[in-house]
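Peer 1: To start, I am sharing the structure in question, which I have written as structure tokens.
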Amino acid sequence: MKFQSFFFLLASIPMGSAFVPMIDGGKDMPKLYDGWFNDQIAKQASTAVAKAISSGKKKIEVNFPPVPNVEEVRFGTPLNKKFGTSVVAKDLKFEGGYKPGSEISRQLIAYSNIYWAKKIASAAKGGALGGKPCAVLTAEQVSFSKIKSMGDLSRSGVLLSAKARQEGRNGETILCVNPGGEETWERLISAHGSPNAPFIVMNNSYSTTYDLGNKKGFEEAYYLKRISKGWVFRAFPGPWQAIIEKPDGNCEVLQTYKQKPSLREVSELVRDESFKRYAIGNDRWSQGFGGRL
């Protein structure tokens, strides 16, 4: 029976994208840049959020680049365009699709965040049989009427709007997209949160503490941040990882931390190791010096 169940699982995996060999996406940093296209990030983030909620965490932060190349999103790079076309617009069934100059192309990060909220919603509300409502609220410019597929998201709205406040439901999980500085997060819980229900801050675009994660007690359940010459990664309940990105685009864990390190600490570690190994030959922007973008 176990063999038959496993065979059925394999048979049900779509063959149009690279196979992620674990249901939870694995415990290592997602592969660059396949993880944005083959559900690896979605699986890892969903697993981390589910584990955090199961352990009793109610205030949660999820933060990772919503598109493969955040720095170049305004320029419409081929990789971002592919992600917007074949993943975001397709999954959301966005009205009119992704076209040059279209709303989704101009607001790709905003709509990508709604896509990720949709992917995480099942885990956030307690799984397929959880039955709890799960809302996505955003401060970004999104025309929800043009999104024809919201999955497990029971409602959507604009942060701090009267309508979003009035439509709140008891026991509702909130996915709060890009809400701004963490000094406002507790106020957002007061405005939109439900007692004893998870409140998840997702993909805040900037930090007012200039450090990793937050200082307001929100559990960083899934965290992936680019730093100079590498990355910082954490998936609950695992350790924090300082990771170097090599000139060939592969990544290597340099050090793990049981407690969240400082941004300065991991940045110095990764930058110094990169210089020792590659000198100036690990610049992802410059052709001839490790350029790969």
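Residues are named by chain letter and number: chains run A, B, ... in the order of the structure tokens, numbers start at 1 in each chain, and ligands are numbered from 1 in the order shown.
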DSSP on the backbone: what in region 15-197 of chain A comes out alpha helix (DSSP H), as a ChimeraX atom specification?
Peer 2: /A:40-54,78-83,90-92,103-106,108-124,162-166,185-192
Peer 1: Under the rule of at most 7 Å, produce a per-residue listing of region 56-167 of chain A near region 184-203 of chain A: chain, number, name, the closest pair of atoms, and the distance in Å, as a tab-separated table, using only C-alpha atoms.
Peer 2:
residue	atom	partner	partner_atom	distance
A:Lys58	CA	A:Pro198	CA	4.3
A:Lys59	CA	A:Phe199	CA	5.2
A:Ile60	CA	A:Ile200	CA	4.7
A:Glu61	CA	A:Val201	CA	4.8
A:Val62	CA	A:Met202	CA	4.7
A:Asn63	CA	A:Asn203	CA	4.3
A:Phe64	CA	A:Asn203	CA	6.1
A:Leu160	CA	A:Ala191	CA	6.8
A:Arg165	CA	A:His192	CA	5.8
Peer 1: Can you write just those residues out, N, CA and C atoms, as a PDB file, in the first residue's frame?
Peer 2:
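Okay, selection20.pdb is ready:
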ATOM      1  N   LYS A  58       1.973  32.616  16.634  1.00  0.00           N
ATOM      2  CA  LYS A  58       0.837  33.341  16.062  1.00  0.00           C
ATOM      3  C   LYS A  58       1.280  34.549  15.250  1.00  0.00           C
ATOM      4  N   LYS A  59       2.391  35.158  15.639  1.00  0.00           N
ATOM      5  CA  LYS A  59       2.928  36.301  14.907  1.00  0.00           C
ATOM      6  C   LYS A  59       4.142  35.808  14.121  1.00  0.00           C
ATOM      7  N   ILE A  60       4.030  35.879  12.797  1.00  0.00           N
ATOM      8  CA  ILE A  60       5.003  35.225  11.924  1.00  0.00           C
ATOM      9  C   ILE A  60       5.453  36.191  10.831  1.00  0.00           C
ATOM     10  N   GLU A  61       6.732  36.118  10.481  1.00  0.00           N
ATOM     11  CA  GLU A  61       7.244  36.855   9.327  1.00  0.00           C
ATOM     12  C   GLU A  61       7.717  35.874   8.264  1.00  0.00           C
ATOM     13  N   VAL A  62       7.370  36.139   7.015  1.00  0.00           N
ATOM     14  CA  VAL A  62       7.860  35.404   5.849  1.00  0.00           C
ATOM     15  C   VAL A  62       8.456  36.438   4.914  1.00  0.00           C
ATOM     16  N   ASN A  63       9.707  36.230   4.507  1.00  0.00           N
ATOM     17  CA  ASN A  63      10.343  37.242   3.664  1.00  0.00           C
ATOM     18  C   ASN A  63      11.331  36.591   2.707  1.00  0.00           C
ATOM     19  N   PHE A  64      11.121  36.816   1.417  1.00  0.00           N
ATOM     20  CA  PHE A  64      12.024  36.326   0.376  1.00  0.00           C
ATOM     21  C   PHE A  64      11.789  37.161  -0.881  1.00  0.00           C
ATOM     22  N   LEU A 160      -5.814  48.608   6.244  1.00  0.00           N
ATOM     23  CA  LEU A 160      -6.356  49.722   7.005  1.00  0.00           C
ATOM     24  C   LEU A 160      -7.551  50.407   6.337  1.00  0.00           C
ATOM     25  N   ARG A 165     -11.524  46.212   7.265  1.00  0.00           N
ATOM     26  CA  ARG A 165     -11.810  46.053   8.696  1.00  0.00           C
ATOM     27  C   ARG A 165     -13.193  45.436   8.913  1.00  0.00           C
TER      28      ARG A 165
END
Peer 1: Pick the closest to Pro100 (chain A) from A:Phe144, A:Trp36, A:Tyr206, A:Phe75: which is it, counting only C-alpha atoms?
Peer 2: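 Result for the nearest residue to Pro100 (chain A): A:Phe75.
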Peer 1: Each residue of region 145-210 of chain A with at least one atom at most 12 Å from region 86-94 of chain A should appear once, together with its nearest atom pair and the corresponding distance in Å (one decimal); atoms considered: only C-alpha atoms; ordering: chain, then increasing residue number; output as a tab-separated table.
Peer 2:
residue	atom	partner	partner_atom	distance
A:Ser145	CA	A:Phe94	CA	9.1
A:Lys146	CA	A:Phe94	CA	5.7
A:Ile147	CA	A:Phe94	CA	4.8
A:Lys148	CA	A:Lys93	CA	5.3
A:Ser149	CA	A:Leu92	CA	4.9
A:Met150	CA	A:Leu92	CA	6.6
A:Gly151	CA	A:Leu92	CA	8.6
A:Asp152	CA	A:Leu92	CA	12.0
A:Leu153	CA	A:Leu92	CA	11.6
Peer 1: Kindly save the residues from that selection, with C-alpha atoms included, as an mmCIF file, in the first residue's frame.
Peer 2:
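The file below, result-v9.cif, is the result:
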data_model
loop_
_atom_site.group_PDB
_atom_site.id
_atom_site.type_symbol
_atom_site.label_atom_id
_atom_site.label_comp_id
_atom_site.auth_asym_id
_atom_site.auth_seq_id
_atom_site.Cartn_x
_atom_site.Cartn_y
_atom_site.Cartn_z
ATOM 1 C CA SER A 145 -11.048 42.211 -9.738
ATOM 2 C CA LYS A 146 -8.627 41.190 -12.486
ATOM 3 C CA ILE A 147 -7.489 38.106 -10.562
ATOM 4 C CA LYS A 148 -9.780 35.201 -11.418
ATOM 5 C CA SER A 149 -8.163 32.489 -9.259
ATOM 6 C CA MET A 150 -7.544 33.111 -5.548
ATOM 7 C CA GLY A 151 -7.259 29.497 -4.392
ATOM 8 C CA ASP A 152 -7.605 29.103 -0.614
ATOM 9 C CA LEU A 153 -7.694 32.858 -0.016
#
Peer 1: Between A:Pro65, A:Leu175, A:Ala135, A:Leu108, which has the minimum distance to Thr77 (chain A) (counting only C-alpha atoms)?
Peer 2: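 Checking each candidate against Thr77 (chain A), we get A:Leu108 as the closest.
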Peer 1: Take CA of Arg277 (chain A) and CA of Trp240 (chain A) and report the distance between them in Å, one decimal.
Peer 2: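 Computing the Euclidean distance for CA of Arg277 (chain A) and CA of Trp240 (chain A) yields 22.7 Å.
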Peer 1: As number ranges by chain, please: every residue in region 73-185 of chain A that a backbone DSSP assignment puts in strand (DSSP E).
Peer 2: A: 134-138, 155-158, 173-177
Peer 1: Calculate how many Å separate CA of Ala279 (chain A) from CA of Pro30 (chain A), rounding to one decimal.
Peer 2: 25.7 Å
Peer 1: Which neighbours of Asp24 (chain A) fall inside 6 Å, counting only C-alpha atoms, when residues of the same chain fewer than 4 positions from it are skipped, and could you give them as a VMD selection string?
Peer 2: chain A and resid 43 to 44 47
Peer 1: How many Å lie between CA of Glu182 (chain A) and CA of Glu72 (chain A), rounded to one decimal?
Peer 2: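 Distance between the two atoms: 25.4 Å.
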